[in-house]
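Note sheet for the following structure.
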Amino acid sequence: MSFEQVRLIVGAIFQSFFLGATGYFLVKKRILANDCLISLSRLVIYVALPMFILSQLIRDFSFHAYPNWWFFPLLSVGITILGLVLGRIFAYKLKTKDERNQFISLVAFQNAGYLPIALVSAILLPEQASPILTQLVLFLLGFNLVVWSLGWYMLKEKDAQNRKFSLKSLLSPPVVATLAGLLLIALGAKRFIPQVIIKPMHMAGECTVPLALFVLGGSLALIKLENVRIKEMLLLVLIKLILLPLVGIILVLNLKFSFALGLLIMMQLAMPPAVSLSVINRNNKSKDIFISQGIFFGHLVGLLTVPLFLSLYFSIAMLK
């Protein structure tokens, strides 16, 4: 792998880190209030990310070009199952069910959207990034459905079993945008959408990455690291940021993936825990045992492990 490629990957990580650190600083210094952070988060979830998904599908997706489109949501489920299995294996010594469920959730659910979108956009040329971003949008369809159903269920406390699960939580704006985009394309209706609508949708979608990274950094600033469980955090880092990416390297070495698919798999297996777990846990009003600590230390250590494993992947892809 060339020095230039390593520089691009490391540079992409630290570009994301810079934007996240800006959000962290703004919240820590109370320049950006918690209410403003919530509004920014809603702007990303309800406007920017759905616009990004719709514009990406309308511009670059067709069922003819992606006949196996359904594979990507299933791939997301498969990666989640792998995380659930590994998390369950290593969580057996934890004392309570709530501790085990939170630890397993941190292993199983990754930052599947914001960071991969930022990395793909920064590392690759636009013509190279476009098909991978489309695959990522399809991948997120499966991820969002699973994290807002199984993830929601796992993070309920034992004494909260009487809380009813709402099917509306499955239909988050990104999921609705993906389904709407696929329906428009299936009906052949996308050709009737004028550029005067598609272009501003694309412009709004381009705001997703910086806004999302501001929200990510600001969310980390709100995390309270009290009574850090050092042993459990070390174990989480070992499984989530080292063992799972190593599985990805083994898969790449032994299976004939395309460059785009291999990169998608490697990124997802190398990502730190999902920030949405904190949102779900807060929504359930469950005790925060591991969630905040896991998200914080996962993203901190990920600054080193993510570029390492992506660099390894690029080296392997060049040799294949």
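Labels used: A, B, ... for chains in the order of the structure tokens, numbers from 1 for residues in each chain, and numbers from 1 for ligands as shown.
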For this session: Excluding stretch 240-256 of chain A and residues on its chain fewer than 4 positions from it, collect all residues at most 6 Å away from it, counting only C-alpha atoms, and give them as number ranges by chain.
Result: A: 107, 236, 266, 269-270
Output file for the selection above: N, CA and C atoms, as a PDB file, in the first residue's frame:
```pdb
ATOM      1  N   VAL A 107     -21.248  -4.422  21.574  1.00  0.00           N
ATOM      2  CA  VAL A 107     -20.476  -5.241  20.645  1.00  0.00           C
ATOM      3  C   VAL A 107     -21.235  -5.413  19.319  1.00  0.00           C
ATOM      4  N   LEU A 236     -14.298  -4.833  25.867  1.00  0.00           N
ATOM      5  CA  LEU A 236     -15.110  -4.315  24.762  1.00  0.00           C
ATOM      6  C   LEU A 236     -14.226  -3.865  23.599  1.00  0.00           C
ATOM      7  N   MET A 266     -15.442  -4.327   5.819  1.00  0.00           N
ATOM      8  CA  MET A 266     -14.351  -3.960   6.720  1.00  0.00           C
ATOM      9  C   MET A 266     -14.712  -2.738   7.551  1.00  0.00           C
ATOM     10  N   LEU A 269     -17.255  -3.684  10.301  1.00  0.00           N
ATOM     11  CA  LEU A 269     -16.672  -4.494  11.368  1.00  0.00           C
ATOM     12  C   LEU A 269     -15.657  -3.714  12.202  1.00  0.00           C
ATOM     13  N   ALA A 270     -15.129  -2.625  11.656  1.00  0.00           N
ATOM     14  CA  ALA A 270     -14.108  -1.848  12.366  1.00  0.00           C
ATOM     15  C   ALA A 270     -14.680  -0.673  13.145  1.00  0.00           C
TER      16      ALA A 270
END
```
For this session: Would you mind listing what lies within 8 Å of A:Arg88 as a ChimeraX atom specification, with only C-alpha atoms counted and same-chain residues fewer than 3 positions away left out?
Result: /A:84-85,91-92,100,104
Please report, as a tab-separated table, each residue of stretch 108-144 of chain A lying at most 8 Å from stretch 273-294 of chain A, together with the nearest pair of atoms and the separation in Å rounded to one decimal; use only C-alpha atoms, and order rows by chain and ascending residue number.
```
residue	atom	partner	partner_atom	distance
A:Ala108	CA	A:Pro273	CA	7.9
A:Phe109	CA	A:Ala274	CA	5.6
A:Gln110	CA	A:Pro273	CA	4.3
A:Asn111	CA	A:Ala274	CA	4.1
A:Ala112	CA	A:Ala274	CA	7.0
```
Problem set entry | Contacts of A:Thr134 within 8 Å, only C-alpha atoms, excl. fewer than 4 positions in-chain, as a PyMOL selection string | chain A and resi 56-57+60-61+130+138
With 12 Å as the cut-off and only C-alpha atoms counted, what is the closest atom pair between each nearby residue of stretch 136-210 of chain A and stretch 216-226 of chain A? Distances in Å to one decimal, ordered by chain and number, as a tab-separated table.
```
residue	atom	partner	partner_atom	distance
A:Thr208	CA	A:Leu216	CA	11.8
A:Val209	CA	A:Leu216	CA	10.3
A:Pro210	CA	A:Leu216	CA	9.8
```
Please write the residues from the selection above to a file, keeping all heavy atoms, as a tab-separated table (two decimals), in the first residue's frame.
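Below is the file selection.tsv, written as the result:
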```tsv
chain	number	residue	atom	x	y	z
A	208	THR	N	-25.24	16.19	5.74
A	208	THR	CA	-25.38	15.10	6.70
A	208	THR	C	-24.11	14.86	7.48
A	208	THR	O	-24.12	14.78	8.73
A	208	THR	CB	-25.79	13.80	5.99
A	208	THR	OG1	-27.04	13.99	5.34
A	208	THR	CG2	-25.91	12.65	6.98
A	209	VAL	N	-22.98	14.71	6.78
A	209	VAL	CA	-21.73	14.33	7.46
A	209	VAL	C	-21.28	15.37	8.47
A	209	VAL	O	-21.06	15.04	9.65
A	209	VAL	CB	-20.63	14.03	6.43
A	209	VAL	CG1	-19.28	13.86	7.13
A	209	VAL	CG2	-20.97	12.76	5.65
A	210	PRO	N	-21.09	16.66	8.08
A	210	PRO	CA	-20.64	17.61	9.10
A	210	PRO	C	-21.60	17.77	10.27
A	210	PRO	O	-21.18	17.82	11.43
A	210	PRO	CB	-20.47	18.93	8.32
A	210	PRO	CG	-21.22	18.74	7.06
A	210	PRO	CD	-21.19	17.29	6.76
```
Excluding same-chain residues fewer than 6 positions from A:Arg59, what lies within 12 Å of it counting only C-alpha atoms, as a short mmCIF file (atom, residue, chain, number, x, y, z; two decimals) with C-alpha atoms, in the first residue's frame?
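Saved result, selection_20.cif, follows:
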```cif
data_model
loop_
_atom_site.label_atom_id
_atom_site.label_comp_id
_atom_site.auth_asym_id
_atom_site.auth_seq_id
_atom_site.Cartn_x
_atom_site.Cartn_y
_atom_site.Cartn_z
CA MET A 51 -32.42 13.71 1.83
CA PHE A 52 -29.02 12.08 1.41
CA ILE A 53 -30.59 8.63 1.13
CA SER A 130 -20.89 6.67 -5.37
CA PRO A 131 -21.53 2.88 -5.67
CA LEU A 133 -22.47 5.00 -0.72
CA THR A 134 -25.45 3.39 -2.48
CA GLY A 181 -36.74 5.68 -2.77
CA LEU A 182 -36.93 1.98 -3.64
CA LEU A 184 -40.19 5.32 -6.61
CA ILE A 185 -37.55 3.42 -8.57
CA LYS A 190 -37.95 8.68 -10.50
CA ARG A 191 -37.72 9.89 -14.11
CA ILE A 193 -38.69 13.99 -10.57
CA PRO A 194 -37.12 17.18 -12.00
CA GLN A 195 -33.55 18.26 -11.32
CA ILE A 197 -35.97 19.01 -6.79
CA ILE A 198 -33.13 16.48 -6.94
CA LYS A 199 -30.35 19.10 -6.77
CA MET A 201 -32.16 17.35 -2.04
CA HIS A 202 -28.55 16.47 -2.87
#
```
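Compared by their closest atoms to A:Tyr153, and using only C-alpha atoms, the residues A:Ile132, A:Val137, A:Asp98, A:Ile316 rank with A:Asp98 nearest.
Our summary of the geometry notes that atom CA of A:Ile31 is positioned 16.4 Å from atom CA of A:Leu213.
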Problem set entry | Spatial neighbours of A:Pro116, 9 Å, only C-alpha atoms, chain gap at least 3 places, as a PyMOL selection string | chain A and resi 111-113+119-121+133+136+264+267-268+271
Selected residues written out with all heavy atoms, as a JSON list (two decimals), in the first residue's frame:
```json
[["chain", "number", "residue", "atom", "x", "y", "z"],
["A", 111, "ASN", "N", -21.36, 2.09, 14.77],
["A", 111, "ASN", "CA", -21.65, 3.38, 14.14],
["A", 111, "ASN", "C", -21.73, 3.15, 12.64],
["A", 111, "ASN", "O", -20.78, 3.39, 11.90],
["A", 111, "ASN", "CB", -20.55, 4.39, 14.49],
["A", 111, "ASN", "CG", -20.93, 5.81, 14.14],
["A", 111, "ASN", "OD1", -21.63, 6.06, 13.15],
["A", 111, "ASN", "ND2", -20.48, 6.75, 14.94],
["A", 112, "ALA", "N", -22.87, 2.69, 12.19],
["A", 112, "ALA", "CA", -23.00, 2.14, 10.83],
["A", 112, "ALA", "C", -23.15, 3.18, 9.74],
["A", 112, "ALA", "O", -22.91, 2.89, 8.57],
["A", 112, "ALA", "CB", -24.19, 1.18, 10.78],
["A", 113, "GLY", "N", -23.56, 4.41, 10.10],
["A", 113, "GLY", "CA", -23.88, 5.39, 9.09],
["A", 113, "GLY", "C", -22.95, 6.58, 9.01],
["A", 113, "GLY", "O", -22.26, 6.79, 8.01],
["A", 119, "LEU", "N", -16.03, 8.66, 5.91],
["A", 119, "LEU", "CA", -14.79, 8.04, 5.46],
["A", 119, "LEU", "C", -14.80, 7.78, 3.96],
["A", 119, "LEU", "O", -13.83, 8.07, 3.26],
["A", 119, "LEU", "CB", -14.55, 6.74, 6.22],
["A", 119, "LEU", "CG", -14.16, 6.89, 7.69],
["A", 119, "LEU", "CD1", -14.07, 5.53, 8.36],
["A", 119, "LEU", "CD2", -12.84, 7.61, 7.81],
["A", 120, "VAL", "N", -15.89, 7.21, 3.45],
["A", 120, "VAL", "CA", -15.98, 6.92, 2.02],
["A", 120, "VAL", "C", -15.86, 8.21, 1.21],
["A", 120, "VAL", "O", -15.15, 8.27, 0.19],
["A", 120, "VAL", "CB", -17.30, 6.20, 1.68],
["A", 120, "VAL", "CG1", -17.51, 6.12, 0.17],
["A", 120, "VAL", "CG2", -17.30, 4.79, 2.27],
["A", 121, "SER", "N", -16.54, 9.25, 1.66],
["A", 121, "SER", "CA", -16.51, 10.53, 0.94],
["A", 121, "SER", "C", -15.12, 11.16, 0.94],
["A", 121, "SER", "O", -14.74, 11.84, -0.02],
["A", 121, "SER", "CB", -17.52, 11.51, 1.56],
["A", 121, "SER", "OG", -18.83, 10.97, 1.52],
["A", 133, "LEU", "N", -21.47, 4.26, -1.50],
["A", 133, "LEU", "CA", -22.47, 5.00, -0.72],
["A", 133, "LEU", "C", -23.86, 4.43, -0.95],
["A", 133, "LEU", "O", -24.67, 4.35, -0.02],
["A", 133, "LEU", "CB", -22.43, 6.48, -1.09],
["A", 133, "LEU", "CG", -21.20, 7.26, -0.60],
["A", 133, "LEU", "CD1", -21.21, 8.68, -1.17],
["A", 133, "LEU", "CD2", -21.15, 7.30, 0.93],
["A", 136, "LEU", "N", -24.09, 1.36, 0.99],
["A", 136, "LEU", "CA", -24.20, 1.73, 2.40],
["A", 136, "LEU", "C", -25.63, 2.11, 2.77],
["A", 136, "LEU", "O", -26.13, 1.75, 3.84],
["A", 136, "LEU", "CB", -23.24, 2.87, 2.70],
["A", 136, "LEU", "CG", -23.18, 3.40, 4.14],
["A", 136, "LEU", "CD1", -22.89, 2.27, 5.12],
["A", 136, "LEU", "CD2", -22.14, 4.48, 4.26],
["A", 264, "LEU", "N", -16.94, -2.11, 2.38],
["A", 264, "LEU", "CA", -18.15, -1.94, 3.20],
["A", 264, "LEU", "C", -18.11, -2.86, 4.42],
["A", 264, "LEU", "O", -18.36, -2.43, 5.55],
["A", 264, "LEU", "CB", -19.39, -2.24, 2.36],
["A", 264, "LEU", "CG", -20.73, -2.21, 3.11],
["A", 264, "LEU", "CD1", -21.03, -0.83, 3.66],
["A", 264, "LEU", "CD2", -21.87, -2.69, 2.20],
["A", 267, "MET", "N", -15.31, -1.73, 6.92],
["A", 267, "MET", "CA", -15.68, -0.53, 7.66],
["A", 267, "MET", "C", -16.67, -0.85, 8.77],
["A", 267, "MET", "O", -16.52, -0.39, 9.91],
["A", 267, "MET", "CB", -16.27, 0.51, 6.71],
["A", 267, "MET", "CG", -15.25, 1.31, 5.94],
["A", 267, "MET", "SD", -16.00, 2.78, 5.17],
["A", 267, "MET", "CE", -17.30, 2.03, 4.22],
["A", 268, "GLN", "N", -17.69, -1.64, 8.44],
["A", 268, "GLN", "CA", -18.72, -1.94, 9.43],
["A", 268, "GLN", "C", -18.16, -2.76, 10.59],
["A", 268, "GLN", "O", -18.54, -2.55, 11.75],
["A", 268, "GLN", "CB", -19.89, -2.67, 8.76],
["A", 268, "GLN", "CG", -20.65, -1.84, 7.74],
["A", 268, "GLN", "CD", -21.31, -0.61, 8.34],
["A", 268, "GLN", "OE1", -21.59, -0.56, 9.53],
["A", 268, "GLN", "NE2", -21.54, 0.40, 7.52],
["A", 271, "MET", "N", -15.96, -0.35, 12.93],
["A", 271, "MET", "CA", -16.55, 0.84, 13.54],
["A", 271, "MET", "C", -16.74, 0.69, 15.06],
["A", 271, "MET", "O", -17.01, -0.40, 15.55],
["A", 271, "MET", "CB", -17.90, 1.14, 12.90],
["A", 271, "MET", "CG", -17.84, 1.73, 11.51],
["A", 271, "MET", "SD", -17.03, 3.33, 11.43],
["A", 271, "MET", "CE", -15.47, 2.89, 10.63]]
```
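Counting only C-alpha atoms, the residue from A:Ala122, A:Ile79, A:Val175, A:Leu145 that sits nearest to A:Leu54 is A:Val175.
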Exercise. Among stretch 93-202 of chain A, which ones does DSSP place in helix (DSSP H, G or I), written as a PyMOL selection string?
Worked result: chain A and resi 97-108+114-123+126-154+158-160+167-170+173-186+189-192+195-202
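Closest approach to A:Leu300 among A:Ala212, A:Leu37, A:Leu86, A:Ile13 is made by A:Ile13 (distances from only C-alpha atoms).
One distance worth recording is that between atom CA of A:Gly142 and atom CA of A:Pro173, which is 13.6 Å.
With only C-alpha atoms as the atoms that count, the residue of A:Leu319, A:Leu19, A:Leu155, A:Leu115 with the shortest distance to A:Val306 is A:Leu115.
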For this session: For A:Lys93, please output as an MDAnalysis selection string all residues within 12 Å (counting only C-alpha atoms; exclusion window: fewer than 3 positions along the same chain).
Result: chainID A and resid 87:90 96:97 99:100 103 231:232 235
Take the residues from that selection and put them in a file with N, CA and C atoms, as a PDB file, in the first residue's frame.
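Saved to selection.pdb:
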```pdb
ATOM      1  N   GLY A  87     -20.415 -11.078  21.573  1.00  0.00           N
ATOM      2  CA  GLY A  87     -20.731 -10.380  22.807  1.00  0.00           C
ATOM      3  C   GLY A  87     -21.268 -11.314  23.871  1.00  0.00           C
ATOM      4  N   ARG A  88     -22.125 -12.244  23.453  1.00  0.00           N
ATOM      5  CA  ARG A  88     -22.705 -13.204  24.419  1.00  0.00           C
ATOM      6  C   ARG A  88     -21.641 -14.140  24.977  1.00  0.00           C
ATOM      7  N   ILE A  89     -20.692 -14.539  24.153  1.00  0.00           N
ATOM      8  CA  ILE A  89     -19.622 -15.434  24.607  1.00  0.00           C
ATOM      9  C   ILE A  89     -18.792 -14.780  25.711  1.00  0.00           C
ATOM     10  N   PHE A  90     -18.463 -13.492  25.522  1.00  0.00           N
ATOM     11  CA  PHE A  90     -17.564 -12.812  26.459  1.00  0.00           C
ATOM     12  C   PHE A  90     -18.295 -12.138  27.612  1.00  0.00           C
ATOM     13  N   THR A  96     -25.349  -9.256  36.147  1.00  0.00           N
ATOM     14  CA  THR A  96     -26.790  -9.089  35.946  1.00  0.00           C
ATOM     15  C   THR A  96     -27.154  -9.143  34.463  1.00  0.00           C
ATOM     16  N   LYS A  97     -28.437  -9.371  34.215  1.00  0.00           N
ATOM     17  CA  LYS A  97     -28.933  -9.419  32.849  1.00  0.00           C
ATOM     18  C   LYS A  97     -28.775  -8.066  32.168  1.00  0.00           C
ATOM     19  N   GLU A  99     -26.474  -5.776  32.749  1.00  0.00           N
ATOM     20  CA  GLU A  99     -25.061  -5.608  32.399  1.00  0.00           C
ATOM     21  C   GLU A  99     -24.725  -6.382  31.132  1.00  0.00           C
ATOM     22  N   ARG A 100     -25.180  -7.613  31.066  1.00  0.00           N
ATOM     23  CA  ARG A 100     -24.888  -8.447  29.889  1.00  0.00           C
ATOM     24  C   ARG A 100     -25.507  -7.853  28.632  1.00  0.00           C
ATOM     25  N   PHE A 103     -23.616  -4.708  27.458  1.00  0.00           N
ATOM     26  CA  PHE A 103     -22.308  -5.069  26.897  1.00  0.00           C
ATOM     27  C   PHE A 103     -22.475  -5.694  25.510  1.00  0.00           C
ATOM     28  N   LYS A 231     -11.980  -3.006  33.332  1.00  0.00           N
ATOM     29  CA  LYS A 231     -11.863  -4.373  32.822  1.00  0.00           C
ATOM     30  C   LYS A 231     -12.841  -4.613  31.677  1.00  0.00           C
ATOM     31  N   GLU A 232     -14.083  -4.188  31.875  1.00  0.00           N
ATOM     32  CA  GLU A 232     -15.110  -4.398  30.846  1.00  0.00           C
ATOM     33  C   GLU A 232     -14.831  -3.555  29.607  1.00  0.00           C
ATOM     34  N   LEU A 235     -12.117  -5.182  27.596  1.00  0.00           N
ATOM     35  CA  LEU A 235     -12.679  -6.345  26.895  1.00  0.00           C
ATOM     36  C   LEU A 235     -13.512  -5.909  25.691  1.00  0.00           C
TER      37      LEU A 235
END
```
